[in-house]
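Only one structure is covered here, and it is reproduced in the block below.
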Amino acid sequence: MTKLAEWLFGISVVGALWGVVTFDLLGLRLPAAWQEVAWPMPVYLLVAFGCYSLATVGYRVATFNDCEEAARELQEQIQEARVDLRRKGLRF
Amino acid sequence: RFCTSNMASRRSSEKSRTGTDKYSVLLPTYNERENLPLIVWLLVKYFGESECNYEIIIIDDGSPDGTLEMADQLQKIYGSDKILLRPRAKKLGLGTAYIHGIQHATGNYIIIMDADLSHHPKFIPEFIRKQKEGNYDLVSGTRYKGDGGVYGWDLRRKLISRGANFVTQVLLRPGASDLTGSFRLYKKEVLERLVEKCVSKGYVFQMEMIVRARQLGYTIGEVPISFVDRVYGESKLGGNEIVSFLKGLLTLFATT
Ligand SMILES: Nc1nc2c(ncn2[C@@H]2O[C@H](COP(=O)(O)OP(=O)(O)OP(=O)(O)O)[C@@H](O)[C@H]2O)c(=O)[nH]1
Ligand SMILES: [Mg+2]
């Protein structure tokens with residue numbers, strides 16, 4: 001199953017459940033409170049997911065390591081390499 | 001010393017290290033005259049310290065800046081058993097450069113890295129240790145985990161990178177944290193199989209390799225790396241990177 005199919009499958013299952021509860025498709029005579037909670041659920045979920053995404057990406061951008069030390073080490077090694085390679089006869 | 005664990009056999013046959021692992025490093029270059037000697041020097045340094053058996057395969061695509069002449073000099077310095085030149089006449093792209101390199105590799109493991117010094121050879125011993133630890137089919141460097149990170153990126157670039165990575169993780173759930181990085185170690189036969197299967201170009205190629213690896217049931221290990229933006233030379237992958245990335249992502253989403 002492709003990822004696309006997995007997503008479509010997941011969305012259909014959730015959508016079907018939502019329809020069953022909100023519109024009482026199967027005539028289960030569910031409590032009215034359930035329906036009230038269920039009908040705006042898709043919007044809640046979307047908003048919640050949006051917030052989660054923004055928070056996650058924001059946090060990861062803020063905590064993205066700046067490798068100052070690695071850059072400095074590399075610069076030193078470049079100098080060292082130049083000296084050594086020249087001694088070995090390399091023409092740059 | 002993970003490459004010399006078998007001390008007895010090593011002493012008895014110092015020259016022919018049969019039975020031990022060999023690592024082939026593929027270095028595709030295009031206009032890397034300034035970076036090439038430095039990256040080779042670093043590779044020799046860290047492989048020397050780790051005492052692993054290795055070779056460096058330089059695949060130059062007819063760089064006009066004389067990268068190949070530089071490679072020639074390096075081969076004279078370090079020997080033609082360590083430095084192999086497998087140039088091509090003109091710029092044919094990164095994907096085919098890897099295929100070309102693999103065909104000439106004699107190691108049972110292959111390390112793929114950029115020659116522009118953004119991938120530091122000091123991590124290779126860690127890759128090797130990681131690979132042995134779990135007998136992983138491939139080990140991928142990651143900028144997004146642990147001590148991994150970047151240098152020389154502004155906020156905008158970090159945001160794009162993290163954003164693209166998040167979307168990809170949500171859509172593909174690939175089981176690896178860094179999909180577009182290209183600093184990786186593969187078992188040779190695994191890389192051969194993957195390269196055969198992968199069709200995309202550019203960044204998406206690296207992403208497809210990991211996604212297909214997961215799909216084929218290969219195991220993936222990860223090592224945090226620091227990615228230092230290239231100091232010398234120009235970036236070759238520019239322009240409408242984001243558009244082609246999204247296209248590639250959606251293609252993988254629909255087909256894998
Ligand atoms: N043989 C060969 N090597 C290439 C080609 N294009 C790029 N390369 C090399 O592949 C590696 C990665 O390319 P880069 O230009 O660094 O791509 P990048 O890392 O996405 O971009 P920057 O680091 O920002 O420039 C470098 O070692 C290049 O020299 C090509 O067409 N043929
Ligand atoms: Mg680069």
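Letters A, B, ... go to the chains of the structure tokens in the order shown; residues in each chain start at 1; ligands are counted from 1 in the same order.
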Test item: chain A residues at most 12 Å from chain B, counting only C-alpha atoms, as a short mmCIF file (atom, residue, chain, number, x, y, z; two decimals) with N, CA, C and O atoms, in the first residue's frame:
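Result file selection_39.cif:
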```cif
data_model
loop_
_atom_site.label_atom_id
_atom_site.label_comp_id
_atom_site.auth_asym_id
_atom_site.auth_seq_id
_atom_site.Cartn_x
_atom_site.Cartn_y
_atom_site.Cartn_z
N MET A 1 0.85 -1.20 0.00
CA MET A 1 0.00 0.00 0.00
C MET A 1 0.88 1.25 0.00
O MET A 1 1.80 1.36 0.82
N THR A 2 0.61 2.15 -0.91
CA THR A 2 1.42 3.38 -0.93
C THR A 2 1.01 4.28 0.24
O THR A 2 -0.04 4.10 0.85
N LYS A 3 1.88 5.25 0.53
CA LYS A 3 1.59 6.17 1.62
C LYS A 3 0.29 6.93 1.33
O LYS A 3 -0.50 7.20 2.24
N LEU A 4 0.10 7.26 0.06
CA LEU A 4 -1.13 7.95 -0.32
C LEU A 4 -2.34 7.09 0.03
O LEU A 4 -3.32 7.57 0.64
N ALA A 5 -2.29 5.82 -0.32
CA ALA A 5 -3.41 4.91 -0.03
C ALA A 5 -3.63 4.79 1.48
O ALA A 5 -4.77 4.79 1.95
N GLU A 6 -2.52 4.71 2.23
CA GLU A 6 -2.64 4.64 3.68
C GLU A 6 -3.38 5.85 4.23
O GLU A 6 -4.26 5.72 5.09
N TRP A 7 -3.03 7.01 3.72
CA TRP A 7 -3.68 8.24 4.18
C TRP A 7 -5.16 8.24 3.82
O TRP A 7 -6.01 8.58 4.65
N LEU A 8 -5.45 7.88 2.58
CA LEU A 8 -6.86 7.86 2.14
C LEU A 8 -7.66 6.89 3.00
O LEU A 8 -8.77 7.19 3.45
N PHE A 49 -3.78 20.00 14.94
CA PHE A 49 -2.63 19.55 14.17
C PHE A 49 -1.80 20.73 13.68
O PHE A 49 -0.56 20.68 13.70
N GLY A 50 -2.50 21.80 13.25
CA GLY A 50 -1.80 23.00 12.81
C GLY A 50 -0.93 23.58 13.92
O GLY A 50 0.25 23.91 13.70
N TYR A 52 0.20 22.00 16.55
CA TYR A 52 1.28 21.07 16.83
C TYR A 52 2.41 21.24 15.82
O TYR A 52 3.59 21.30 16.19
N SER A 53 2.03 21.37 14.53
CA SER A 53 3.05 21.53 13.49
C SER A 53 3.86 22.79 13.72
O SER A 53 5.10 22.76 13.68
N LEU A 54 3.17 23.91 13.92
CA LEU A 54 3.87 25.18 14.11
C LEU A 54 4.80 25.11 15.33
O LEU A 54 5.95 25.54 15.27
N ALA A 55 4.28 24.57 16.41
CA ALA A 55 5.07 24.49 17.63
C ALA A 55 6.31 23.62 17.41
O ALA A 55 7.42 23.98 17.79
N THR A 56 6.09 22.46 16.77
CA THR A 56 7.22 21.54 16.54
C THR A 56 8.29 22.17 15.67
O THR A 56 9.48 22.17 16.01
N VAL A 57 7.85 22.71 14.53
CA VAL A 57 8.83 23.31 13.61
C VAL A 57 9.52 24.49 14.28
O VAL A 57 10.75 24.64 14.21
N GLY A 58 8.75 25.32 14.97
CA GLY A 58 9.33 26.46 15.66
C GLY A 58 10.37 26.04 16.68
O GLY A 58 11.49 26.56 16.71
N TYR A 59 10.02 25.05 17.46
CA TYR A 59 10.95 24.55 18.48
C TYR A 59 12.21 24.00 17.84
O TYR A 59 13.33 24.26 18.29
N ARG A 60 12.03 23.26 16.74
CA ARG A 60 13.20 22.65 16.10
C ARG A 60 14.09 23.68 15.42
O ARG A 60 15.31 23.50 15.36
N VAL A 61 13.48 24.74 14.90
CA VAL A 61 14.30 25.80 14.32
C VAL A 61 15.09 26.48 15.43
O VAL A 61 16.30 26.71 15.31
N ALA A 62 14.40 26.76 16.54
CA ALA A 62 15.06 27.47 17.65
C ALA A 62 16.18 26.64 18.26
O ALA A 62 17.18 27.18 18.73
N THR A 63 16.04 25.32 18.24
CA THR A 63 17.05 24.47 18.88
C THR A 63 18.00 23.82 17.87
O THR A 63 18.74 22.91 18.21
N PHE A 64 17.94 24.29 16.61
CA PHE A 64 18.85 23.76 15.59
C PHE A 64 20.28 24.14 15.99
O PHE A 64 20.60 25.31 16.09
N ASN A 65 21.12 23.15 16.27
CA ASN A 65 22.48 23.44 16.74
C ASN A 65 23.28 24.26 15.75
O ASN A 65 23.30 23.96 14.56
N ASP A 66 23.96 25.29 16.24
CA ASP A 66 24.95 26.00 15.45
C ASP A 66 26.31 25.43 15.82
O ASP A 66 26.76 25.58 16.94
N CYS A 67 26.95 24.80 14.85
CA CYS A 67 28.19 24.10 15.16
C CYS A 67 29.40 25.01 15.02
O CYS A 67 30.24 24.81 14.14
N GLU A 68 29.49 26.01 15.86
CA GLU A 68 30.62 26.95 15.84
C GLU A 68 31.94 26.20 16.01
O GLU A 68 32.90 26.44 15.29
N GLU A 69 31.93 25.30 16.98
CA GLU A 69 33.15 24.58 17.32
C GLU A 69 33.64 23.74 16.13
O GLU A 69 34.83 23.73 15.81
N ALA A 70 32.69 23.09 15.45
CA ALA A 70 33.05 22.26 14.30
C ALA A 70 33.66 23.12 13.19
O ALA A 70 34.63 22.72 12.55
N ALA A 71 33.10 24.31 12.99
CA ALA A 71 33.61 25.21 11.95
C ALA A 71 35.03 25.66 12.29
O ALA A 71 35.90 25.71 11.42
N ARG A 72 35.26 25.96 13.57
CA ARG A 72 36.58 26.41 13.98
C ARG A 72 37.60 25.28 13.81
O ARG A 72 38.68 25.48 13.27
N GLU A 73 37.21 24.09 14.24
CA GLU A 73 38.10 22.94 14.11
C GLU A 73 38.48 22.71 12.65
O GLU A 73 39.64 22.49 12.31
N LEU A 74 37.47 22.81 11.77
CA LEU A 74 37.71 22.61 10.35
C LEU A 74 38.71 23.63 9.82
O LEU A 74 39.64 23.28 9.08
N GLN A 75 38.55 24.88 10.20
CA GLN A 75 39.48 25.92 9.75
C GLN A 75 40.92 25.59 10.18
O GLN A 75 41.84 25.73 9.38
N GLU A 76 41.07 25.17 11.40
CA GLU A 76 42.41 24.81 11.88
C GLU A 76 42.99 23.65 11.07
O GLU A 76 44.15 23.66 10.68
N GLN A 77 42.13 22.65 10.83
CA GLN A 77 42.61 21.48 10.10
C GLN A 77 42.97 21.84 8.67
O GLN A 77 43.88 21.24 8.08
N ILE A 78 42.24 22.81 8.09
CA ILE A 78 42.55 23.24 6.73
C ILE A 78 43.96 23.82 6.67
O ILE A 78 44.75 23.51 5.78
N GLN A 79 44.29 24.65 7.65
CA GLN A 79 45.65 25.23 7.71
C GLN A 79 46.70 24.12 7.82
O GLN A 79 47.69 24.10 7.09
N GLU A 80 46.42 23.21 8.75
CA GLU A 80 47.34 22.09 8.98
C GLU A 80 47.53 21.26 7.70
O GLU A 80 48.64 20.90 7.33
N ALA A 81 46.42 21.01 7.01
CA ALA A 81 46.47 20.20 5.80
C ALA A 81 47.29 20.90 4.72
O ALA A 81 48.10 20.27 4.03
N ARG A 82 47.10 22.20 4.58
CA ARG A 82 47.84 22.97 3.57
C ARG A 82 49.34 22.82 3.78
O ARG A 82 50.10 22.55 2.85
N VAL A 83 49.76 23.04 5.02
CA VAL A 83 51.18 22.96 5.35
C VAL A 83 51.72 21.58 5.01
O VAL A 83 52.73 21.42 4.33
N ASP A 84 50.98 20.55 5.48
CA ASP A 84 51.43 19.19 5.29
C ASP A 84 51.48 18.79 3.82
O ASP A 84 52.42 18.16 3.36
N LEU A 85 50.45 19.20 3.07
CA LEU A 85 50.39 18.83 1.66
C LEU A 85 51.49 19.53 0.86
O LEU A 85 52.07 18.96 -0.05
N ARG A 86 51.76 20.76 1.22
CA ARG A 86 52.83 21.48 0.54
C ARG A 86 54.16 20.76 0.77
O ARG A 86 54.96 20.60 -0.14
N ARG A 87 54.36 20.31 2.02
CA ARG A 87 55.59 19.59 2.34
C ARG A 87 55.68 18.29 1.53
O ARG A 87 56.75 17.84 1.16
N LYS A 88 54.52 17.70 1.26
CA LYS A 88 54.52 16.47 0.47
C LYS A 88 54.66 16.76 -1.03
O LYS A 88 54.64 15.84 -1.84
N GLY A 89 54.73 18.04 -1.39
CA GLY A 89 55.00 18.40 -2.78
C GLY A 89 53.79 18.78 -3.61
O GLY A 89 53.86 18.85 -4.84
N LEU A 90 52.67 19.03 -2.96
CA LEU A 90 51.47 19.40 -3.72
C LEU A 90 51.55 20.86 -4.15
O LEU A 90 51.91 21.73 -3.37
N ARG A 91 51.22 21.10 -5.42
CA ARG A 91 51.11 22.49 -5.90
C ARG A 91 49.64 22.87 -5.92
O ARG A 91 48.85 22.28 -6.63
N PHE A 92 49.30 23.84 -5.11
CA PHE A 92 47.88 24.23 -5.00
C PHE A 92 47.41 25.04 -6.19
O PHE A 92 48.18 25.69 -6.84
#
```
Closest-contact table, chain B side, partner ligand 1, 10 Å, counting only C-alpha atoms and all ligand atoms, as CSV:
```
residue,atom,partner,partner_atom_place_in_ligand_line,distance
B:Leu26,CA,ligand 1,27 (O),9.6
B:Leu27,CA,ligand 1,27 (O),6.4
B:Pro28,CA,ligand 1,3 (N),4.0
B:Thr29,CA,ligand 1,29 (O),3.5
B:Tyr30,CA,ligand 1,29 (O),3.9
B:Asn31,CA,ligand 1,29 (O),6.0
B:Glu32,CA,ligand 1,29 (O),5.5
B:Arg33,CA,ligand 1,29 (O),9.2
B:Asn35,CA,ligand 1,27 (O),8.7
B:Leu36,CA,ligand 1,27 (O),8.6
B:Ile39,CA,ligand 1,27 (O),9.9
B:Ile58,CA,ligand 1,1 (N),8.2
B:Ile59,CA,ligand 1,1 (N),5.1
B:Asp60,CA,ligand 1,1 (N),4.6
B:Asp61,CA,ligand 1,1 (N),4.5
B:Gly62,CA,ligand 1,1 (N),8.1
B:Ser63,CA,ligand 1,1 (N),8.5
B:Thr67,CA,ligand 1,29 (O),9.6
B:Arg86,CA,ligand 1,1 (N),9.5
B:Pro87,CA,ligand 1,1 (N),7.8
B:Arg88,CA,ligand 1,1 (N),7.6
B:Ala89,CA,ligand 1,1 (N),9.9
B:Lys90,CA,ligand 1,32 (N),8.1
B:Lys91,CA,ligand 1,31 (O),4.6
B:Leu92,CA,ligand 1,31 (O),5.0
B:Gly93,CA,ligand 1,31 (O),3.2
B:Leu94,CA,ligand 1,30 (C),4.6
B:Gly95,CA,ligand 1,32 (N),8.1
B:Thr96,CA,ligand 1,32 (N),8.0
B:Ala97,CA,ligand 1,1 (N),5.2
B:Tyr98,CA,ligand 1,1 (N),8.1
B:His100,CA,ligand 1,1 (N),9.3
B:Gly101,CA,ligand 1,1 (N),9.4
B:Ile112,CA,ligand 1,11 (C),9.7
B:Met113,CA,ligand 1,27 (O),7.3
B:Asp114,CA,ligand 1,27 (O),3.9
B:Ala115,CA,ligand 1,27 (O),3.6
B:Asp116,CA,ligand 1,27 (O),5.0
B:Leu117,CA,ligand 1,27 (O),8.2
B:Ser118,CA,ligand 1,23 (O),6.8
B:His119,CA,ligand 1,19 (O),9.1
B:Thr180,CA,ligand 1,20 (O),9.0
B:Gly181,CA,ligand 1,19 (O),8.5
B:Ser182,CA,ligand 1,12 (C),8.3
B:Gly202,CA,ligand 1,20 (O),7.8
B:Tyr203,CA,ligand 1,20 (O),7.2
B:Phe227,CA,ligand 1,23 (O),9.7
B:Val228,CA,ligand 1,23 (O),8.9
B:Asp229,CA,ligand 1,23 (O),6.1
B:Arg230,CA,ligand 1,23 (O),5.3
B:Val231,CA,ligand 1,23 (O),8.9
B:Tyr232,CA,ligand 1,25 (O),9.1
B:Gly233,CA,ligand 1,25 (O),7.5
B:Glu234,CA,ligand 1,25 (O),5.6
B:Ser235,CA,ligand 1,25 (O),2.9
B:Lys236,CA,ligand 1,15 (O),4.1
B:Leu237,CA,ligand 1,20 (O),5.3
B:Gly238,CA,ligand 1,21 (O),7.6
B:Glu241,CA,ligand 1,20 (O),9.5
```
Legend entry - Spatial neighbours of Leu185 (chain B), max dist 12 Å, only C-alpha atoms, sep filter under 6 positions, as a PyMOL selection string: chain B and resi 22-26+107-113+121+123-132+135-141+191+210+220-223
N, CA, C and O atoms of the current selection, written as a CSV table (one decimal), in the first residue's frame:
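Here's the written file part.csv:
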```csv
chain,number,residue,atom,x,y,z
B,22,LYS,N,36.5,-3.6,3.9
B,22,LYS,CA,37.2,-2.5,3.1
B,22,LYS,C,36.1,-1.5,2.8
B,22,LYS,O,35.0,-1.8,2.4
B,23,TYR,N,36.5,-0.2,3.0
B,23,TYR,CA,35.6,0.9,2.8
B,23,TYR,C,36.0,1.7,1.5
B,23,TYR,O,37.1,2.2,1.4
B,24,SER,N,35.0,1.8,0.6
B,24,SER,CA,35.3,2.6,-0.6
B,24,SER,C,34.5,3.9,-0.4
B,24,SER,O,33.3,3.9,-0.3
B,25,VAL,N,35.3,5.0,-0.5
B,25,VAL,CA,34.7,6.3,-0.4
B,25,VAL,C,34.5,6.9,-1.8
B,25,VAL,O,35.4,7.0,-2.5
B,26,LEU,N,33.2,7.2,-2.1
B,26,LEU,CA,32.9,7.8,-3.4
B,26,LEU,C,32.9,9.3,-3.3
B,26,LEU,O,32.1,9.9,-2.5
B,107,GLY,N,35.6,-2.3,-2.3
B,107,GLY,CA,35.3,-2.5,-0.9
B,107,GLY,C,33.9,-3.2,-0.7
B,107,GLY,O,33.1,-3.2,-1.7
B,108,ASN,N,33.7,-3.8,0.4
B,108,ASN,CA,32.4,-4.4,0.7
B,108,ASN,C,31.4,-3.3,1.4
B,108,ASN,O,30.3,-3.6,1.5
B,109,TYR,N,32.0,-2.2,1.7
B,109,TYR,CA,31.2,-1.1,2.2
B,109,TYR,C,31.5,0.1,1.4
B,109,TYR,O,32.6,0.3,0.9
B,110,ILE,N,30.4,1.0,1.2
B,110,ILE,CA,30.6,2.2,0.4
B,110,ILE,C,30.2,3.4,1.2
B,110,ILE,O,29.1,3.4,1.8
B,111,ILE,N,31.0,4.4,1.2
B,111,ILE,CA,30.7,5.6,1.9
B,111,ILE,C,30.5,6.7,0.8
B,111,ILE,O,31.3,6.9,0.0
B,112,ILE,N,29.4,7.4,0.9
B,112,ILE,CA,29.1,8.4,0.0
B,112,ILE,C,29.1,9.8,0.7
B,112,ILE,O,28.5,9.9,1.8
B,113,MET,N,29.9,10.7,0.2
B,113,MET,CA,29.9,12.0,0.8
B,113,MET,C,30.2,13.1,-0.2
B,113,MET,O,30.7,12.8,-1.3
B,121,PRO,N,35.2,14.0,7.5
B,121,PRO,CA,35.6,12.6,7.6
B,121,PRO,C,35.7,12.2,9.0
B,121,PRO,O,35.8,11.0,9.3
B,123,PHE,N,33.6,11.9,11.1
B,123,PHE,CA,32.5,11.1,11.5
B,123,PHE,C,32.5,9.7,11.0
B,123,PHE,O,31.7,8.8,11.4
B,124,ILE,N,33.4,9.4,10.0
B,124,ILE,CA,33.4,8.1,9.4
B,124,ILE,C,33.7,7.0,10.4
B,124,ILE,O,32.9,6.0,10.4
B,125,PRO,N,34.7,7.1,11.3
B,125,PRO,CA,34.8,6.1,12.3
B,125,PRO,C,33.6,5.8,13.1
B,125,PRO,O,33.3,4.7,13.5
B,126,GLU,N,32.8,6.9,13.4
B,126,GLU,CA,31.6,6.7,14.1
B,126,GLU,C,30.5,5.9,13.2
B,126,GLU,O,29.8,5.1,13.8
B,127,PHE,N,30.5,6.2,11.9
B,127,PHE,CA,29.6,5.5,11.0
B,127,PHE,C,29.9,4.0,11.1
B,127,PHE,O,29.1,3.2,11.2
B,128,ILE,N,31.3,3.7,11.0
B,128,ILE,CA,31.7,2.3,11.0
B,128,ILE,C,31.3,1.6,12.3
B,128,ILE,O,30.8,0.5,12.3
B,129,ARG,N,31.6,2.3,13.4
B,129,ARG,CA,31.3,1.7,14.7
B,129,ARG,C,29.8,1.5,14.8
B,129,ARG,O,29.3,0.4,15.2
B,130,LYS,N,29.0,2.4,14.4
B,130,LYS,CA,27.5,2.3,14.4
B,130,LYS,C,27.1,1.1,13.6
B,130,LYS,O,26.3,0.3,14.0
B,131,GLN,N,27.7,1.0,12.4
B,131,GLN,CA,27.3,-0.1,11.4
B,131,GLN,C,27.6,-1.4,12.1
B,131,GLN,O,26.7,-2.3,12.1
B,132,LYS,N,28.7,-1.6,12.7
B,132,LYS,CA,29.1,-2.8,13.3
B,132,LYS,C,28.2,-3.1,14.5
B,132,LYS,O,27.9,-4.3,14.8
B,135,ASN,N,24.9,-4.2,12.9
B,135,ASN,CA,25.0,-4.8,11.6
B,135,ASN,C,24.0,-4.1,10.6
B,135,ASN,O,23.2,-4.8,9.9
B,136,TYR,N,23.9,-2.8,10.7
B,136,TYR,CA,22.9,-2.1,9.9
B,136,TYR,C,23.3,-2.2,8.4
B,136,TYR,O,24.4,-2.3,8.0
B,137,ASP,N,22.2,-2.2,7.5
B,137,ASP,CA,22.4,-2.2,6.1
B,137,ASP,C,22.9,-0.8,5.6
B,137,ASP,O,23.6,-0.7,4.6
B,138,LEU,N,22.5,0.2,6.3
B,138,LEU,CA,23.0,1.5,5.9
B,138,LEU,C,23.0,2.4,7.2
B,138,LEU,O,22.2,2.2,8.1
B,139,VAL,N,24.0,3.3,7.2
B,139,VAL,CA,24.1,4.3,8.3
B,139,VAL,C,24.0,5.6,7.7
B,139,VAL,O,24.8,5.9,6.8
B,140,SER,N,23.1,6.5,8.2
B,140,SER,CA,23.0,7.8,7.6
B,140,SER,C,23.4,8.8,8.6
B,140,SER,O,23.1,8.8,9.8
B,141,GLY,N,24.1,9.8,8.2
B,141,GLY,CA,24.4,11.0,9.0
B,141,GLY,C,23.2,11.8,9.2
B,141,GLY,O,22.3,11.9,8.3
B,191,LEU,N,23.5,-0.8,-1.5
B,191,LEU,CA,23.6,0.4,-2.4
B,191,LEU,C,23.3,0.0,-3.8
B,191,LEU,O,22.6,0.8,-4.5
B,210,ILE,N,16.5,6.5,1.0
B,210,ILE,CA,16.1,6.1,2.4
B,210,ILE,C,14.7,5.5,2.4
B,210,ILE,O,14.5,4.5,3.0
B,220,ILE,N,18.4,0.7,9.2
B,220,ILE,CA,19.0,2.0,9.1
B,220,ILE,C,19.5,2.5,10.5
B,220,ILE,O,18.8,2.5,11.5
B,221,GLY,N,20.8,2.8,10.6
B,221,GLY,CA,21.4,3.4,11.8
B,221,GLY,C,21.6,4.9,11.5
B,221,GLY,O,21.8,5.3,10.4
B,222,GLU,N,21.7,5.7,12.6
B,222,GLU,CA,21.9,7.1,12.4
B,222,GLU,C,23.0,7.6,13.3
B,222,GLU,O,23.2,7.2,14.4
B,223,VAL,N,23.8,8.5,12.7
B,223,VAL,CA,24.9,9.2,13.5
B,223,VAL,C,24.7,10.7,13.3
B,223,VAL,O,24.7,11.2,12.2
```
Inset, instruction - Could you jot down the CA of Arg212 (chain B) to CA of His104 (chain B) separation for me, Å, one decimal place? - result: 23.6 Å
Inset, instruction - For CA of Glu208 (chain B) and CA of Ser12 (chain A), determine how far apart the two atoms are, in Å to one decimal place. - result: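 A separation of 27.3 Å between them.
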Inset, instruction - Return as a PyMOL selection string the full set of residues in region 7-80 of chain A whose backbone-based DSSP assignment is alpha helix (DSSP H). - result: chain A and resi 7-23+32-38+41-62+68-80
Inset, instruction - State, in Å with one decimal place, the distance from CA of Met207 (chain B) to CA of Phe9 (chain A). - result: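 According to the coordinates, CA of Met207 (chain B) and CA of Phe9 (chain A) are separated by 24.2 Å.
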Inset, instruction - Name the residues in contact with region 26-40 of chain A at a cut-off of 12 Å, using only C-alpha atoms, excluding same-chain residues fewer than 5 positions from it; report them as number ranges by chain. - result: A: 14-21, 45-47
Legend entry - Every residue of region 35-224 of chain B that DSSP places in strand (DSSP E), as a count of residues only: 32
